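The structure appears below as structure tokens.
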Amino acid sequence: MVRGRWHTYRHGSSQKWRSQSRNFNVIILPPDPSHHKSILHTDRARFRSMAITFAGGVILGADSRTTTGAYIANRVTDKLTRVSDTIWCCRSGSAADTQAVADIVSYHLGMYATMEGKQPTVGVAAGLFQEICYANKEQLSAGIIIAGHHPSHGGSVYSIPLGGSLHRQSYAIGGSGSTYIYGYCDSYWKENMSEADGIGFVKGALREAIKWDGSSGGVIRMVVLTDKGAKRLLFLPDQGYEGPGDK
Amino acid sequence: MTSIGTGYDLTNSTFSPDGRNFQVEYASKAVENGGTAIGIRCRNGVVLAVEKIITSKLLKSGGNKRIASIDRNFGMISSGLVPDGRHLVSRARDEAASWRTSYKCPIPSSSLAFRVGSYVQAYTLYSSVRPFGVTTILAGWDSETESRVDGQVGSGPKAALAGKTKGTKAGGPGLYMIEPSGLYWGYYGAATGKGRQTAKAELEKLDLPSGNLSLEQGVKEAARIIYAAHEDSKDKDFELEMSWVSSSDGPTQGRHEQVPKELLEQAETFAKRAMEGDDDEDTATGGGETMEL
């Protein structure tokens with residue numbers, strides 16, 4: 001029974017995994033809800049996330065819904081993950097896979113910073129992500145957007161979709177439900193927006209996605225990366241996505 | 001030599017009671033007889049120059065290059081045992097390539113110097129190996145513009161880059177010299193080999209830290225210094241080999257290349273004239289005719 005549920009959760013996974021699970025007679029789901037969550041995450045959650053460049057740096061944004069089929073496994077997920085002080089990523093796909101990849105990249109960037117005595121560029125981070133995603137493409141289910149600010153290079157956004165290719169973009173949207181907001185983004189996108197306009201753009205796009213896509217929802221989270229560092233923002237549905245912002 | 005007969009110089013990695021490692025010092029002796037090699041860090045690039053003693057009239061002139069490229073933006077010249085230098089070139093290329101596979105961008109010159117320096121130092125530690133009989137000069141230009149990530153598709157925002165911190169300087173010239181002990185420093189002007197004393201004295205006159213010397217002037221001065229350093233071994237013929245690496249808006253566009261033939265010839269003419277005029281006037285530095293590129 002329990003083993004059967006594993007199969008359901010890992011429906012996209014390889015034969016290798018199934019043969020492995022045959023060796024276990026019982027798999028007990030840990031009672032700790034946080035552990036439970038991580039297992040539910042192994043489903044391909046339909047994440048909605050995006051990152052844009054603006055006049056002062058970059059803004060990352062994401063909704064907060066994680067689903068396992070029709071069930072909302074987590075309504076306040078944080079999909080925006082720090083890999084260095086001013087380089088963050090939006091994870092989509094398998095939560096376990098993307099967390100593991102982000103952890104590895106974070107380690108390498110930390111190592112780079114101590115060895116070189118300077119912060120890595122966003123390109124270095126993107127290159128590390130790509131190498132892992134491409135080399136393990138058969139095993140991974142990960143779509144990652146990398147965005148960050150570097151003093152000499154300013155803000156930049158890279159997108160690494162499923163196969164492990166690397167794309168430098170002015171802005172990037174990701175997750176299977178991003179189809180709903182291509183039109184919105186294309187219409188409203190402007191280069192070199194102010195911070196307020198940038199936040200408005202990201203929020204507008206995510207609100208559309210939440211409105212139309214059944215597997216998007218919950219709160220809107222954002223991270224603004226500038227030469228002043230990282231600033232987190234939160235927008236709640238019961239406040240009409242107006243606040244509390246950075247309060 | 002006080003070391004002889006003491007027994008402390010028979011194996012690598014053995015300290016003498018007064019804290020010296022004789023095998024490493026002997027390796028440095030091997031360098032003292034090598035052809036003079038110099039590097040000059042200019043405002044907008046770096047020049048490498050080497051004096052190649054012609055050991056046989058049958059050697060093809062202009063062939064047998066001694067300055068090697070490591071990555072697109074690095075040059076390397078060693079003085080001392082030539083095959084040791086070649087081995088180090090091979091290692092440096094591996095290090096540069098390994099950096100690219102990890103980080104998808106060219107290795108910074110400081111990191112390349114660190115890696116090659118560490119490699120050289122490892123050869124002072126074990127009794128199964130000997131230290132490198134070379135002192136190596138590394139010259140490079142770290143891109144001052146944002147370089148593309150290797151394999152990247154697309155180019156991002158066309159407009160002014162988002163939130164660049166004003167006045168932040170990135171990249172620039174890099175010049176490092178690595179000794180047989182693995183010791184390395186960054187230099188404005190570096191010299192090694194037989195004529196290093198003369199060369200160092202000439203380099204000091206150039207006032208390189210002020211950043212006034214342009215790359216084109218640097219090429220001339222490098223040629224002149226190699227000619228000056230050759231004065232002590234005048235009986236032997238030599239050939240001058242020079243390479244340079246400039247900023248991305250300079251003549252080599254951030255790449256390490258051999259100095260073009262015409263420019264090399266001009267620089268040699270300048271150097272020879274400076275040598276002839278040396279007896280009656282001391283005007284070689286700074287002055288002289290301006291050279292057009």
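So you can find residues: chains in the structure tokens are A, B, ... in the order shown, residues in each start at 1, and ligands are numbered from 1 in order.
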Open item on the list: Can you tell me, as a ChimeraX atom specification, which residues in segment 78-221 of chain A count as strand (DSSP E) by DSSP?
Closed with: /A:80-84,87-93,142-150,154-160,167-169,171-174,220-221
TODO: Quick one: everything within 8 Å of segment 205-218 of chain A, counting only C-alpha atoms, minus sequence neighbours fewer than 2 positions away in the same chain. Send it as an NGL selection string.
DONE: :A and (46-49 or 61-67 or 75-76 or 177-178 or 180-181 or 184-185 or 201-203 or 220 or 236-237)
Excluding Ser165 of chain A and any residue of its chain fewer than 4 positions from it, enumerate the residues within 8 Å of it, using only C-alpha atoms, and give them as a CSV table (one decimal) with C-alpha atoms, in the first residue's frame.
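Written out: around-v7.csv:
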chain,number,residue,atom,x,y,z
A,130,GLN,CA,23.4,24.3,-16.1
A,134,TYR,CA,22.5,18.9,-18.3
A,160,ILE,CA,17.5,26.7,-17.5
A,161,PRO,CA,14.5,24.7,-18.7
B,152,GLN,CA,24.7,30.4,-23.2
B,153,VAL,CA,21.9,31.2,-25.7
- [ ] DSSP on the backbone, then: every residue of segment 45-219 of chain A marked helix (DSSP H, G or I), written as JSON, numbers by chain.
- [x] {"A": [95, 96, 97, 98, 99, 100, 101, 102, 103, 104, 105, 106, 107, 108, 109, 110, 111, 112, 113, 114, 115, 116, 122, 123, 124, 125, 126, 127, 128, 129, 130, 131, 132, 133, 134, 135, 176, 177, 178, 179, 180, 181, 182, 183, 184, 185, 186, 187, 188, 195, 196, 197, 198, 199, 200, 201, 202, 203, 204, 205, 206, 207, 208, 209, 210, 211, 212]}
Open item on the list: Could you tell me which residues of chain A sit within 8 Å of chain B when counting only C-alpha atoms, and give me the result as a ChimeraX atom specification?
Closed with: /A:53-58,116,123-128,131,149-157,165-171,191-192,226-227
- [ ] Considering only C-alpha atoms, state which residue in the set A:Asn74, A:Ile52, A:Val219, A:Gly245 is at the smallest distance from Lys190 of chain A.
- [x] A:Ile52
Leaving out Ala49 of chain B and any residue of its chain fewer than 6 positions from it, which residues lie within 6 Å of it when counting only C-alpha atoms, given as a PDB file with N, CA and C atoms, in the first residue's frame?
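As a result, around_14.pdb now contains:
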ATOM      1  N   ALA B  37      63.906  36.473 -19.946  1.00  0.00           N
ATOM      2  CA  ALA B  37      62.487  36.640 -20.281  1.00  0.00           C
ATOM      3  C   ALA B  37      61.927  37.753 -19.423  1.00  0.00           C
ATOM      4  N   ILE B  38      61.113  38.615 -20.024  1.00  0.00           N
ATOM      5  CA  ILE B  38      60.513  39.698 -19.245  1.00  0.00           C
ATOM      6  C   ILE B  38      59.029  39.845 -19.547  1.00  0.00           C
ATOM      7  N   GLU B 241      61.622  37.117 -29.350  1.00  0.00           N
ATOM      8  CA  GLU B 241      60.220  36.709 -29.542  1.00  0.00           C
ATOM      9  C   GLU B 241      59.369  37.528 -28.585  1.00  0.00           C
ATOM     10  N   MET B 242      58.278  38.064 -29.107  1.00  0.00           N
ATOM     11  CA  MET B 242      57.416  38.894 -28.253  1.00  0.00           C
ATOM     12  C   MET B 242      55.942  38.548 -28.480  1.00  0.00           C
TER      13      MET B 242
END
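For the atom pair formed by atom CA of Asn33 of chain B and atom CA of His230 of chain B, the distance is 12.3 Å, given to one decimal.
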TODO: Rounded to one decimal place, report the atom CA of Thr135 of chain B-atom CA of Glu179 of chain B distance in Å.
DONE: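 If I compute the distance from atom CA of Thr135 of chain B to atom CA of Glu179 of chain B, I get 4.6 Å.
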